[in-house]
$ cat upload10.tsv   # TSV, N, CA and C atoms
chain	number	residue	atom	x	y	z
A	282	MET	N	-3.22	109.57	189.70
A	282	MET	CA	-3.70	110.02	191.00
A	282	MET	C	-3.13	111.39	191.34
A	283	SER	N	-2.07	111.83	190.69
A	283	SER	CA	-1.48	113.11	191.03
A	283	SER	C	-2.43	114.26	190.73
A	284	LEU	N	-3.27	114.15	189.71
A	284	LEU	CA	-4.23	115.20	189.42
A	284	LEU	C	-5.25	115.30	190.55
A	285	LEU	N	-5.68	114.16	191.07
A	285	LEU	CA	-6.60	114.19	192.20
A	285	LEU	C	-5.94	114.78	193.43
A	286	ASP	N	-4.65	114.50	193.61
A	286	ASP	CA	-3.92	115.10	194.72
A	286	ASP	C	-3.87	116.62	194.55
A	287	THR	N	-3.70	117.06	193.31
A	287	THR	CA	-3.70	118.50	193.03
A	287	THR	C	-5.03	119.11	193.39
A	288	LEU	N	-6.12	118.42	193.04
A	288	LEU	CA	-7.46	118.89	193.42
A	288	LEU	C	-7.56	119.02	194.93
A	289	ALA	N	-7.06	118.04	195.64
A	289	ALA	CA	-7.13	118.07	197.10
A	289	ALA	C	-6.30	119.22	197.66
A	290	SER	N	-5.12	119.43	197.09
A	290	SER	CA	-4.27	120.53	197.55
A	290	SER	C	-4.94	121.87	197.29
A	291	MET	N	-5.51	122.01	196.11
A	291	MET	CA	-6.20	123.23	195.76
A	291	MET	C	-7.35	123.46	196.73
A	292	ALA	N	-8.11	122.42	196.98
A	292	ALA	CA	-9.25	122.53	197.87
A	292	ALA	C	-8.80	122.81	199.30
A	293	GLY	N	-7.65	122.29	199.68
A	293	GLY	CA	-7.13	122.49	201.02
A	293	GLY	C	-6.83	123.94	201.35
A	294	GLY	N	-6.70	124.78	200.31
A	294	GLY	CA	-6.44	126.19	200.53
A	294	GLY	C	-7.66	126.92	201.08
A	295	GLY	N	-8.80	126.29	201.00
A	295	GLY	CA	-10.03	126.91	201.50
A	295	GLY	C	-10.24	126.61	202.96
A	296	GLN	N	-11.44	126.84	203.41
A	296	GLN	CA	-11.73	126.67	204.82
A	296	GLN	C	-12.53	125.40	205.09
A	297	GLN	N	-12.63	124.53	204.10
A	297	GLN	CA	-13.43	123.32	204.27
A	297	GLN	C	-12.52	122.10	204.18
A	298	GLY	N	-11.73	121.87	205.21
A	298	GLY	CA	-10.76	120.79	205.19
A	298	GLY	C	-11.36	119.43	204.92
A	299	GLY	N	-12.53	119.13	205.52
A	299	GLY	CA	-13.17	117.85	205.29
A	299	GLY	C	-13.58	117.70	203.84
A	300	SER	N	-14.07	118.78	203.26
A	300	SER	CA	-14.45	118.74	201.86
A	300	SER	C	-13.24	118.56	200.97
A	301	ALA	N	-12.12	119.14	201.37
A	301	ALA	CA	-10.90	119.03	200.59
A	301	ALA	C	-10.45	117.59	200.48
A	302	SER	N	-10.49	116.85	201.57
A	302	SER	CA	-10.07	115.45	201.51
A	302	SER	C	-11.11	114.59	200.82
A	303	LEU	N	-12.34	115.07	200.80
A	303	LEU	CA	-13.43	114.31	200.20
A	303	LEU	C	-13.43	114.39	198.67
A	304	LEU	N	-13.02	115.52	198.11
A	304	LEU	CA	-13.16	115.74	196.68
A	304	LEU	C	-12.50	114.68	195.81
A	305	PRO	N	-11.22	114.37	196.00
A	305	PRO	CA	-10.63	113.33	195.14
A	305	PRO	C	-11.30	111.97	195.30
A	306	ALA	N	-11.64	111.60	196.53
A	306	ALA	CA	-12.31	110.32	196.78
A	306	ALA	C	-13.70	110.33	196.16
A	307	LEU	N	-14.37	111.47	196.20
A	307	LEU	CA	-15.70	111.59	195.62
A	307	LEU	C	-15.66	111.39	194.11
A	308	ILE	N	-14.73	112.06	193.44
A	308	ILE	CA	-14.63	111.91	191.99
A	308	ILE	C	-14.34	110.46	191.63
A	309	GLU	N	-13.46	109.83	192.39
A	309	GLU	CA	-13.14	108.42	192.14
A	309	GLU	C	-14.38	107.54	192.31
A	310	GLN	N	-15.14	107.75	193.39
A	310	GLN	CA	-16.33	106.94	193.64
A	310	GLN	C	-17.42	107.20	192.61
A	311	LEU	N	-17.58	108.46	192.21
A	311	LEU	CA	-18.61	108.77	191.23
A	311	LEU	C	-18.30	108.15	189.87
A	312	ASN	N	-17.03	108.06	189.54
A	312	ASN	CA	-16.66	107.42	188.28
A	312	ASN	C	-16.89	105.91	188.33
A	313	LYS	N	-16.96	105.35	189.53
A	313	LYS	CA	-17.27	103.93	189.69
A	313	LYS	C	-18.77	103.70	189.86
A	314	TYR	N	-19.52	104.78	190.02
A	314	TYR	CA	-20.96	104.68	190.25
A	314	TYR	C	-21.60	103.96	189.07
A	315	PRO	N	-22.47	102.99	189.33
A	315	PRO	CA	-23.10	102.26	188.22
A	315	PRO	C	-23.80	103.22	187.25
A	316	GLY	N	-23.33	103.26	186.02
A	316	GLY	CA	-23.91	104.15	185.02
A	316	GLY	C	-23.26	105.51	184.98
A	317	GLY	N	-22.22	105.75	185.80
A	317	GLY	CA	-21.53	107.03	185.80
A	317	GLY	C	-22.45	108.18	186.20
A	318	LEU	N	-22.27	109.30	185.55
A	318	LEU	CA	-23.08	110.48	185.85
A	318	LEU	C	-24.56	110.23	185.56
A	319	THR	N	-24.85	109.51	184.49
A	319	THR	CA	-26.23	109.18	184.15
A	319	THR	C	-26.86	108.33	185.25
A	320	GLY	N	-26.11	107.38	185.79
A	320	GLY	CA	-26.60	106.54	186.88
A	320	GLY	C	-26.84	107.32	188.15
A	321	LEU	N	-25.97	108.28	188.43
A	321	LEU	CA	-26.14	109.13	189.61
A	321	LEU	C	-27.44	109.94	189.47
A	322	ILE	N	-27.63	110.53	188.31
A	322	ILE	CA	-28.84	111.32	188.07
A	322	ILE	C	-30.08	110.44	188.18
A	323	ALA	N	-30.01	109.23	187.66
A	323	ALA	CA	-31.14	108.30	187.75
A	323	ALA	C	-31.47	107.98	189.20
A	324	SER	N	-30.44	107.87	190.06
A	324	SER	CA	-30.68	107.61	191.48
A	324	SER	C	-31.48	108.74	192.12
A	325	PHE	N	-31.16	109.96	191.75
A	325	PHE	CA	-31.91	111.11	192.26
A	325	PHE	C	-33.35	111.10	191.74
A	326	GLN	N	-33.51	110.78	190.46
A	326	GLN	CA	-34.85	110.75	189.88
A	326	GLN	C	-35.71	109.68	190.53
A	327	LYS	N	-35.14	108.49	190.75
A	327	LYS	CA	-35.89	107.41	191.40
A	327	LYS	C	-36.22	107.76	192.85
A	328	GLY	N	-35.37	108.57	193.47
A	328	GLY	CA	-35.59	108.95	194.86
A	328	GLY	C	-36.48	110.18	195.03
A	329	GLY	N	-37.09	110.65	193.94
A	329	GLY	CA	-38.00	111.77	194.02
A	329	GLY	C	-37.33	113.14	194.04
A	330	LEU	N	-36.06	113.20	193.64
A	330	LEU	CA	-35.33	114.46	193.65
A	330	LEU	C	-35.00	114.94	192.23
A	331	SER	N	-35.91	114.65	191.30
A	331	SER	CA	-35.69	115.02	189.89
A	331	SER	C	-35.47	116.50	189.71
A	332	GLU	N	-36.29	117.32	190.37
A	332	GLU	CA	-36.18	118.77	190.21
A	332	GLU	C	-34.83	119.28	190.71
A	333	ILE	N	-34.36	118.73	191.82
A	333	ILE	CA	-33.08	119.17	192.38
A	333	ILE	C	-31.94	118.83	191.45
A	334	VAL	N	-31.85	117.57	191.02
A	334	VAL	CA	-30.73	117.18	190.17
A	334	VAL	C	-30.81	117.84	188.80
A	335	ALA	N	-32.02	118.08	188.31
A	335	ALA	CA	-32.17	118.78	187.03
A	335	ALA	C	-31.62	120.21	187.12
A	336	SER	N	-31.75	120.82	188.28
A	336	SER	CA	-31.21	122.18	188.45
A	336	SER	C	-29.69	122.18	188.42
A	337	TRP	N	-29.08	121.11	188.89
A	337	TRP	CA	-27.61	121.02	188.86
A	337	TRP	C	-27.10	120.84	187.44
A	338	VAL	N	-27.82	120.04	186.67
A	338	VAL	CA	-27.42	119.78	185.28
A	338	VAL	C	-27.72	120.99	184.42
A	339	GLY	N	-28.85	121.63	184.66
A	339	GLY	CA	-29.26	122.77	183.85
A	339	GLY	C	-28.35	123.97	184.04
A	340	THR	N	-28.66	125.01	183.31
A	340	THR	CA	-27.79	126.19	183.33
A	340	THR	C	-28.23	127.25	184.32
A	341	GLY	N	-29.33	127.04	185.02
A	341	GLY	CA	-29.81	128.01	186.01
A	341	GLY	C	-29.18	127.78	187.37
A	342	GLN	N	-29.80	128.35	188.39
A	342	GLN	CA	-29.32	128.24	189.76
A	342	GLN	C	-29.50	126.81	190.28
A	343	ASN	N	-28.52	126.33	191.06
A	343	ASN	CA	-28.59	125.00	191.65
A	343	ASN	C	-29.47	125.02	192.89
A	344	LEU	N	-30.44	124.12	192.93
A	344	LEU	CA	-31.26	123.96	194.13
A	344	LEU	C	-30.45	123.23	195.20
A	345	PRO	N	-30.67	123.55	196.47
A	345	PRO	CA	-29.94	122.87	197.54
A	345	PRO	C	-30.48	121.46	197.78
A	346	VAL	N	-29.64	120.64	198.37
A	346	VAL	CA	-30.03	119.30	198.78
A	346	VAL	C	-29.56	119.11	200.22
A	347	SER	N	-30.34	118.42	201.01
A	347	SER	CA	-29.96	118.20	202.41
A	347	SER	C	-29.16	116.91	202.54
A	348	PRO	N	-28.38	116.80	203.61
A	348	PRO	CA	-27.67	115.54	203.86
A	348	PRO	C	-28.63	114.35	203.94
A	349	GLY	N	-29.80	114.56	204.53
A	349	GLY	CA	-30.78	113.48	204.63
A	349	GLY	C	-31.29	113.03	203.28
A	350	GLN	N	-31.53	113.99	202.38
A	350	GLN	CA	-31.97	113.64	201.03
A	350	GLN	C	-30.88	112.84	200.31
A	351	LEU	N	-29.64	113.26	200.46
A	351	LEU	CA	-28.54	112.53	199.83
A	351	LEU	C	-28.44	111.12	200.37
A	352	GLY	N	-28.57	110.98	201.68
A	352	GLY	CA	-28.50	109.66	202.30
A	352	GLY	C	-29.58	108.72	201.79
A	353	ALA	N	-30.71	109.29	201.38
A	353	ALA	CA	-31.81	108.47	200.89
A	353	ALA	C	-31.63	108.03	199.44
A	354	VAL	N	-30.87	108.80	198.65
A	354	VAL	CA	-30.76	108.45	197.23
A	354	VAL	C	-29.41	107.86	196.83
A	355	LEU	N	-28.35	108.16	197.57
A	355	LEU	CA	-27.04	107.63	197.21
A	355	LEU	C	-26.88	106.20	197.71
A	356	ASP	N	-26.16	105.43	196.95
A	356	ASP	CA	-25.84	104.06	197.34
A	356	ASP	C	-25.07	104.11	198.67
A	357	PRO	N	-25.55	103.41	199.71
A	357	PRO	CA	-24.86	103.45	201.00
A	357	PRO	C	-23.40	103.00	200.91
A	358	GLY	N	-23.12	102.10	199.98
A	358	GLY	CA	-21.74	101.65	199.81
A	358	GLY	C	-20.81	102.78	199.40
A	359	VAL	N	-21.31	103.69	198.58
A	359	VAL	CA	-20.52	104.84	198.14
A	359	VAL	C	-20.23	105.75	199.33
A	360	VAL	N	-21.26	106.03	200.11
A	360	VAL	CA	-21.09	106.91	201.27
A	360	VAL	C	-20.14	106.27	202.28
A	361	ASN	N	-20.30	104.98	202.53
A	361	ASN	CA	-19.42	104.30	203.48
A	361	ASN	C	-17.97	104.28	202.99
A	362	GLU	N	-17.78	104.07	201.69
A	362	GLU	CA	-16.44	104.07	201.11
A	362	GLU	C	-15.79	105.45	201.24
A	363	LEU	N	-16.56	106.50	201.00
A	363	LEU	CA	-16.05	107.86	201.15
A	363	LEU	C	-15.67	108.13	202.61
A	364	ALA	N	-16.50	107.67	203.52
A	364	ALA	CA	-16.20	107.85	204.94
A	364	ALA	C	-14.90	107.13	205.31
A	365	ALA	N	-14.74	105.91	204.83
A	365	ALA	CA	-13.52	105.14	205.13
A	365	ALA	C	-12.29	105.80	204.53
A	366	LYS	N	-12.39	106.29	203.30
A	366	LYS	CA	-11.23	106.89	202.63
A	366	LYS	C	-10.83	108.23	203.23
A	367	THR	N	-11.78	108.96	203.81
A	367	THR	CA	-11.48	110.30	204.32
A	367	THR	C	-11.35	110.34	205.84
A	368	GLY	N	-11.69	109.25	206.52
A	368	GLY	CA	-11.63	109.24	207.97
A	368	GLY	C	-12.76	110.02	208.64
A	369	GLN	N	-13.81	110.31	207.88
A	369	GLN	CA	-14.96	111.03	208.42
A	369	GLN	C	-16.08	110.04	208.71
A	370	ASP	N	-17.03	110.46	209.55
A	370	ASP	CA	-18.22	109.62	209.74
A	370	ASP	C	-19.19	109.91	208.60
A	371	THR	N	-20.18	109.05	208.43
A	371	THR	CA	-21.08	109.18	207.29
A	371	THR	C	-21.89	110.48	207.34
A	372	ASP	N	-22.25	110.96	208.52
A	372	ASP	CA	-22.99	112.22	208.63
A	372	ASP	C	-22.14	113.38	208.12
A	373	SER	N	-20.86	113.38	208.46
A	373	SER	CA	-19.96	114.44	207.97
A	373	SER	C	-19.80	114.37	206.46
A	374	VAL	N	-19.69	113.15	205.94
A	374	VAL	CA	-19.56	112.96	204.49
A	374	VAL	C	-20.81	113.51	203.80
A	375	LEU	N	-21.99	113.14	204.30
A	375	LEU	CA	-23.23	113.61	203.68
A	375	LEU	C	-23.35	115.13	203.78
A	376	GLY	N	-22.91	115.72	204.88
A	376	GLY	CA	-22.94	117.17	205.02
A	376	GLY	C	-22.04	117.85	204.00
A	377	SER	N	-20.84	117.29	203.81
A	377	SER	CA	-19.92	117.84	202.81
A	377	SER	C	-20.46	117.65	201.40
A	378	LEU	N	-21.03	116.48	201.15
A	378	LEU	CA	-21.58	116.20	199.83
A	378	LEU	C	-22.72	117.16	199.48
A	379	ALA	N	-23.48	117.57	200.48
A	379	ALA	CA	-24.60	118.47	200.23
A	379	ALA	C	-24.13	119.80	199.64
A	380	SER	N	-22.90	120.21	199.97
A	380	SER	CA	-22.38	121.45	199.39
A	380	SER	C	-21.54	121.20	198.14
A	381	ILE	N	-20.86	120.07	198.06
A	381	ILE	CA	-19.96	119.80	196.93
A	381	ILE	C	-20.69	119.24	195.72
A	382	LEU	N	-21.55	118.27	195.93
A	382	LEU	CA	-22.14	117.53	194.81
A	382	LEU	C	-22.92	118.41	193.83
A	383	PRO	N	-23.74	119.36	194.29
A	383	PRO	CA	-24.43	120.21	193.31
A	383	PRO	C	-23.46	120.95	192.40
A	384	GLN	N	-22.38	121.47	192.98
A	384	GLN	CA	-21.40	122.20	192.19
A	384	GLN	C	-20.62	121.29	191.26
A	385	LEU	N	-20.32	120.09	191.74
A	385	LEU	CA	-19.56	119.14	190.93
A	385	LEU	C	-20.38	118.71	189.71
A	386	VAL	N	-21.65	118.38	189.91
A	386	VAL	CA	-22.51	117.99	188.78
A	386	VAL	C	-22.68	119.17	187.84
A	387	ASP	N	-22.86	120.36	188.40
A	387	ASP	CA	-23.01	121.57	187.59
A	387	ASP	C	-21.78	121.79	186.71
A	388	LYS	N	-20.59	121.68	187.28
A	388	LYS	CA	-19.35	121.89	186.53
A	388	LYS	C	-19.11	120.78	185.51
A	389	ALA	N	-19.61	119.58	185.79
A	389	ALA	CA	-19.43	118.46	184.87
A	389	ALA	C	-20.38	118.54	183.68
A	390	THR	N	-21.40	119.41	183.79
A	390	THR	CA	-22.39	119.55	182.72
A	390	THR	C	-22.54	121.02	182.32
A	391	PRO	N	-21.47	121.64	181.83
A	391	PRO	CA	-21.50	123.09	181.56
A	391	PRO	C	-22.51	123.49	180.48
A	392	ASP	N	-22.85	122.58	179.60
A	392	ASP	CA	-23.80	122.90	178.54
A	392	ASP	C	-25.24	122.57	178.92
A	393	GLY	N	-25.46	122.17	180.16
A	393	GLY	CA	-26.80	121.88	180.63
A	393	GLY	C	-27.34	120.53	180.21
A	394	ALA	N	-26.45	119.63	179.83
A	394	ALA	CA	-26.88	118.29	179.41
A	394	ALA	C	-25.81	117.27	179.76
A	395	VAL	N	-26.23	116.04	179.96
A	395	VAL	CA	-25.33	114.93	180.22
A	395	VAL	C	-25.08	114.21	178.90
A	396	GLN	N	-23.82	113.98	178.61
A	396	GLN	CA	-23.47	113.22	177.40
A	396	GLN	C	-23.54	111.73	177.73
A	397	PRO	N	-23.96	110.88	176.79
A	397	PRO	CA	-24.01	109.44	177.04
A	397	PRO	C	-22.65	108.91	177.50
A	398	GLY	N	-22.67	108.15	178.59
A	398	GLY	CA	-21.44	107.55	179.12
A	398	GLY	C	-20.51	108.55	179.79
A	399	GLN	N	-20.98	109.76	180.06
A	399	GLN	CA	-20.14	110.80	180.65
A	399	GLN	C	-19.71	110.42	182.06
A	400	THR	N	-18.47	110.74	182.37
A	400	THR	CA	-17.94	110.53	183.71
A	400	THR	C	-17.44	111.87	184.24
A	401	PHE	N	-16.97	111.86	185.47
A	401	PHE	CA	-16.38	113.04	186.08
A	401	PHE	C	-14.89	113.02	185.75
A	402	ASN	N	-14.46	113.87	184.85
A	402	ASN	CA	-13.07	113.91	184.43
A	402	ASN	C	-12.30	114.91	185.29
A	403	PRO	N	-11.38	114.44	186.13
A	403	PRO	CA	-10.64	115.35	187.00
A	403	PRO	C	-9.90	116.44	186.23
A	404	ALA	N	-9.38	116.15	185.06
A	404	ALA	CA	-8.66	117.16	184.28
A	404	ALA	C	-9.58	118.29	183.86
A	405	ASP	N	-10.79	117.94	183.43
A	405	ASP	CA	-11.75	118.95	183.02
A	405	ASP	C	-12.26	119.76	184.21
A	406	LEU	N	-12.40	119.11	185.35
A	406	LEU	CA	-12.95	119.79	186.52
A	406	LEU	C	-11.93	120.67	187.22
A	407	LEU	N	-10.64	120.37	187.06
A	407	LEU	CA	-9.60	121.09	187.80
A	407	LEU	C	-9.70	122.59	187.59
A	408	GLY	N	-9.78	123.02	186.34
A	408	GLY	CA	-9.84	124.45	186.07
A	408	GLY	C	-11.14	125.09	186.53
A	409	SER	N	-12.24	124.38	186.40
A	409	SER	CA	-13.54	124.98	186.70
A	409	SER	C	-13.87	124.97	188.19
A	410	LEU	N	-13.11	124.23	188.99
A	410	LEU	CA	-13.43	124.15	190.42
A	410	LEU	C	-12.60	125.10	191.27
A	411	GLY	N	-11.83	125.98	190.65
A	411	GLY	CA	-10.97	126.89	191.39
A	411	GLY	C	-11.70	127.68	192.47
A	412	GLY	N	-12.93	128.07	192.20
A	412	GLY	CA	-13.68	128.87	193.17
A	412	GLY	C	-14.41	128.06	194.22
A	413	LEU	N	-14.38	126.74	194.11
A	413	LEU	CA	-15.11	125.92	195.07
A	413	LEU	C	-14.60	126.09	196.50
A	414	PHE	N	-13.28	126.08	196.66
A	414	PHE	CA	-12.70	126.11	198.00
A	414	PHE	C	-11.84	127.34	198.24
A	415	GLY	N	-11.01	127.67	197.26
A	415	GLY	CA	-10.14	128.83	197.38
A	415	GLY	C	-10.90	130.06	196.97
A	416	ASN	N	-10.22	131.17	197.03
A	416	ASN	CA	-10.76	132.44	196.57
A	416	ASN	C	-12.07	132.80	197.27
A	417	ARG	N	-12.24	132.39	198.51
A	417	ARG	CA	-13.47	132.73	199.23
A	417	ARG	C	-13.24	133.91	200.16
A	418	GLY	N	-12.00	134.36	200.21
A	418	GLY	CA	-11.48	135.45	200.95
A	418	GLY	C	-12.11	136.12	201.98
$ encode --input "upload10.tsv" --output "C-alpha cells"
Amino acid sequence: MSLLDTLASMAGGGQQGGSASLLPALIEQLNKYPGGLTGLIASFQKGGLSEIVASWVGTGQNLPVSPGQLGAVLDPGVVNELAAKTGQDTDSVLGSLASILPQLVDKATPDGAVQPGQTFNPADLLGSLGGLFGNRG
C-alpha cells in the first residue's frame, strides 16, 4: 500500500485534491473490476462508448467522457466504494473520474493495446503519471 500512498502524495502536489485521494482507491478498485482492464473496456463497449475507450487505449488523442457517461457504464458498486473510501459524493467521484480515467487507461496501455489479463500496476504507473497532477505550474 505504500506505493499507492506515494501516488496519492505525488498527486496531492497538484491542484486536484479530490483526485489525489481518489487515485490510489481507483487503482485498487480497477484491479478488482471483473475482468480487470479488459472488463473495464468491455463495460464501455457494452454501454455504447467504444469509440471513447478505444481512443484511450490507442496511441492518438484521448476523447473526453462526461461524468454522466461514466455513471452509465461503470458498475455502481465501484463508484459507491470509491465515494466511501474518499469521503466524496458519487457526483464528485464521477467528475474526478472523467478527468483521471482516460489518462490512467492511456498510461496503462502505452503500446496502444491491452494485454490479456492486464491490470493497473501501480509501480508501472508511478513514473508515467508524474504530469497528471504535479508540474501543472
$ atom_distance --input "upload10.tsv" --atom1 "atom CA of Ala365 of chain A" --atom2 "atom CA of Val395 of chain A"
29.3 Å
$ atom_distance --input "upload10.tsv" --atom1 "atom C of Leu355 of chain A" --atom2 "atom C of Thr390 of chain A"
21.8 Å
$ residues_near_point --input "upload10.tsv" --point "(-25.9, 116.0, 200.7)" --cutoff "10 Å" --atoms "only C-alpha atoms" --output "list of chain:residue names"
A:Pro345, A:Val346, A:Ser347, A:Pro348, A:Gly349, A:Gln350, A:Leu351, A:Gly352, A:Ala353, A:Val354, A:Leu355, A:Asp372, A:Ser373, A:Val374, A:Leu375, A:Gly376, A:Ser377, A:Leu378, A:Ala379, A:Ser380, A:Ile381, A:Leu382, A:Pro383
$ axis_aligned_box --input "upload10.tsv" --around "segment 389-399 of chain A" --padding-each-side "4 Å" --output "JSON"
{"center_x": -23.4, "center_y": 115.5, "center_z": 181.3, "size_x": 15.9, "size_y": 23.9, "size_z": 17.0}
$ atom_distance --input "upload10.tsv" --atom1 "atom CA of Lys327 of chain A" --atom2 "atom C of Pro357 of chain A"
16.3 Å
$ closest_residue --input "upload10.tsv" --among "A:Gln369, A:Lys388, A:Leu363, A:Ala335" --to "Gln310 of chain A" --atoms "all atoms listed in the file"
A:Leu363
$ closest_residue --input "upload10.tsv" --among "A:Asn361, A:Leu311, A:Asp356, A:Val338" --to "Asp392 of chain A" --atoms "all atoms listed in the file"
A:Val338
